[in-house]
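Quick notes on the structure that follows.
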Amino acid sequence: MKKIVVLGPGCPRCERLAATARQAADQLGIQYELEKIADIKRFVEFGLMMTPGLVVDGQLKVQGKVPSLDEIKALLA
């Protein structure tokens, strides 16, 4: 099971990233758990410098932008 974490304060870009990550995982047919973390103090644990951030299985993959659906699929595959 993939662990997907979206890091962000709840802004529209953060919500869009969460929705796109969910859509990508659903389209790939993978089992996943999606968590959204809005606590700025926890961002440091992942090395996040700019929101939003996308963490896959404990590794920060994207920060400061919302990747396309295809880009997220590649990160999850």
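Letters A, B, ... mark the chains of the structure tokens in the order given; residue numbers begin at 1 per chain; ligand numbers begin at 1, in order shown.
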
Which residues are near Asp26 (chain A)? Cut-off 12 Å, only C-alpha atoms, ignore same chain within fewer than 6 positions. Put them as a short mmCIF file (atom, residue, chain, number, x, y, z; two decimals) with C-alpha atoms, in the first residue's frame.
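Below you can see out.cif, which holds the result:
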data_model
loop_
_atom_site.label_atom_id
_atom_site.label_comp_id
_atom_site.auth_asym_id
_atom_site.auth_seq_id
_atom_site.Cartn_x
_atom_site.Cartn_y
_atom_site.Cartn_z
CA LYS A 2 1.32 3.43 -0.95
CA ALA A 19 -7.42 15.76 -5.48
CA THR A 20 -4.98 15.12 -8.33
CA TYR A 32 -3.12 3.84 -1.04
CA GLU A 33 -3.66 5.91 2.05
CA LEU A 34 -3.87 9.67 1.56
CA LEU A 69 -1.89 14.12 -13.37
CA ILE A 72 1.92 12.28 -10.29
CA LYS A 73 1.18 8.92 -11.91
CA LEU A 76 3.37 6.73 -7.83
CA ALA A 77 4.16 3.97 -10.34
#

message: With only C-alpha atoms as the counted atoms, please give the residues lying no more than 12 Å from Pro67 (chain A), apart from itself and same-chain residues fewer than 6 positions off, as a ChimeraX atom specification.
response: /A:13-14,16-21,24,52-54,61,73-75

Export of prior selection with N, CA, C and O atoms as a CSV table (one decimal), in the first residue's frame:
chain,number,residue,atom,x,y,z
A,13,ARG,N,-4.2,25.5,-3.9
A,13,ARG,CA,-3.2,24.6,-4.5
A,13,ARG,C,-3.0,23.3,-3.8
A,13,ARG,O,-2.9,22.3,-4.4
A,14,CYS,N,-3.1,23.3,-2.5
A,14,CYS,CA,-2.9,22.1,-1.7
A,14,CYS,C,-4.1,21.2,-1.9
A,14,CYS,O,-3.9,20.0,-2.0
A,16,ARG,N,-6.0,21.1,-4.6
A,16,ARG,CA,-5.9,20.6,-5.9
A,16,ARG,C,-4.8,19.5,-6.0
A,16,ARG,O,-5.1,18.5,-6.7
A,17,LEU,N,-3.7,19.6,-5.3
A,17,LEU,CA,-2.7,18.6,-5.3
A,17,LEU,C,-3.3,17.3,-4.7
A,17,LEU,O,-3.1,16.2,-5.2
A,18,ALA,N,-4.0,17.4,-3.6
A,18,ALA,CA,-4.6,16.2,-2.9
A,18,ALA,C,-5.6,15.5,-3.9
A,18,ALA,O,-5.6,14.3,-4.0
A,19,ALA,N,-6.4,16.3,-4.6
A,19,ALA,CA,-7.4,15.8,-5.5
A,19,ALA,C,-6.7,15.1,-6.7
A,19,ALA,O,-7.2,14.0,-7.1
A,20,THR,N,-5.7,15.7,-7.2
A,20,THR,CA,-5.0,15.1,-8.3
A,20,THR,C,-4.2,13.9,-7.9
A,20,THR,O,-4.2,12.9,-8.7
A,21,ALA,N,-3.6,13.8,-6.7
A,21,ALA,CA,-3.0,12.6,-6.3
A,21,ALA,C,-3.9,11.5,-6.1
A,21,ALA,O,-3.7,10.4,-6.4
A,24,ALA,N,-4.9,10.2,-9.5
A,24,ALA,CA,-3.8,9.5,-10.1
A,24,ALA,C,-3.7,8.1,-9.5
A,24,ALA,O,-3.6,7.1,-10.3
A,52,PRO,N,2.7,23.7,-2.0
A,52,PRO,CA,2.4,22.4,-1.4
A,52,PRO,C,3.5,21.4,-1.6
A,52,PRO,O,4.4,21.6,-2.5
A,53,GLY,N,3.4,20.4,-0.8
A,53,GLY,CA,4.4,19.3,-1.0
A,53,GLY,C,3.7,17.9,-1.1
A,53,GLY,O,2.6,17.7,-0.6
A,54,LEU,N,4.4,17.1,-1.9
A,54,LEU,CA,3.8,15.7,-2.1
A,54,LEU,C,4.9,14.7,-1.6
A,54,LEU,O,6.0,14.7,-2.1
A,61,LYS,N,8.7,14.2,-2.8
A,61,LYS,CA,8.8,14.1,-4.3
A,61,LYS,C,8.7,15.4,-5.0
A,61,LYS,O,9.3,15.7,-6.0
A,73,LYS,N,1.2,10.4,-11.6
A,73,LYS,CA,1.2,8.9,-11.9
A,73,LYS,C,2.6,8.3,-12.0
A,73,LYS,O,2.8,7.2,-11.5
A,74,ALA,N,3.5,9.1,-12.6
A,74,ALA,CA,4.9,8.6,-12.8
A,74,ALA,C,5.5,8.5,-11.4
A,74,ALA,O,6.3,7.5,-11.1
A,75,LEU,N,5.2,9.4,-10.5
A,75,LEU,CA,5.8,9.3,-9.1
A,75,LEU,C,5.2,8.2,-8.3
A,75,LEU,O,5.9,7.6,-7.5

query: From the set A:Glu45, A:Glu35, A:Gln27, A:Gly58, which residue has the shortest atom-to-atom contact distance to Asp70 (chain A), counting only C-alpha atoms?
result: A:Gln27

- request: Taking the chain letters and numbering used in this document, name the residues of chain A that DSSP puts in strand (DSSP E), as a ChimeraX atom specification.
  value: /A:2-7,32-37,53-56,59-63

statement: From the list A:Val62, A:Glu71, A:Ala38, A:Gly10, the nearest residue to Ala25 (chain A) using only C-alpha atoms is A:Glu71

field: Contact residues around Lys41 (chain A) with only C-alpha atoms at 12 Å, ignoring same-chain residues under 4 positions, as a PyMOL selection string
entry: chain A and resi 7-9+37+45-49

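The alpha helix (DSSP H) portion of region 28-66 of chain A consists of A:Leu28, A:Ile40, A:Lys41, A:Arg42, A:Phe43, A:Val44, A:Glu45, A:Phe46, with states taken from DSSP on the backbone.
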
Got time to write the residues from that selection, C-alpha atoms, as a compact mmCIF listing (two decimals), in the first residue's frame?
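This is the output file result.txt:
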# COMPACT_ATOMS: atom_id res chain seq x y z
CA LEU A 28 -3.43 3.43 -11.52
CA ILE A 40 3.71 23.77 9.60
CA LYS A 41 5.91 22.30 12.34
CA ARG A 42 5.59 18.87 10.71
CA PHE A 43 6.71 20.17 7.30
CA VAL A 44 10.29 20.29 8.61
CA GLU A 45 10.21 16.53 9.20
CA PHE A 46 9.97 16.06 5.44

- request: Measuring atom to atom with only C-alpha atoms, identify which of A:Arg22, A:Gly29, A:Lys3, A:Pro12 is nearest to Thr51 (chain A).
  value: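 Nearest to Thr51 (chain A): A:Pro12.
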
- request: Identify which of the residues A:Gln23, A:Lys36, A:Val55, A:Ile30 lies closest to Ser68 (chain A), counting only C-alpha atoms when measuring atom-to-atom distances.
  value: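 The answer is A:Gln23, which sits nearest to Ser68 (chain A).
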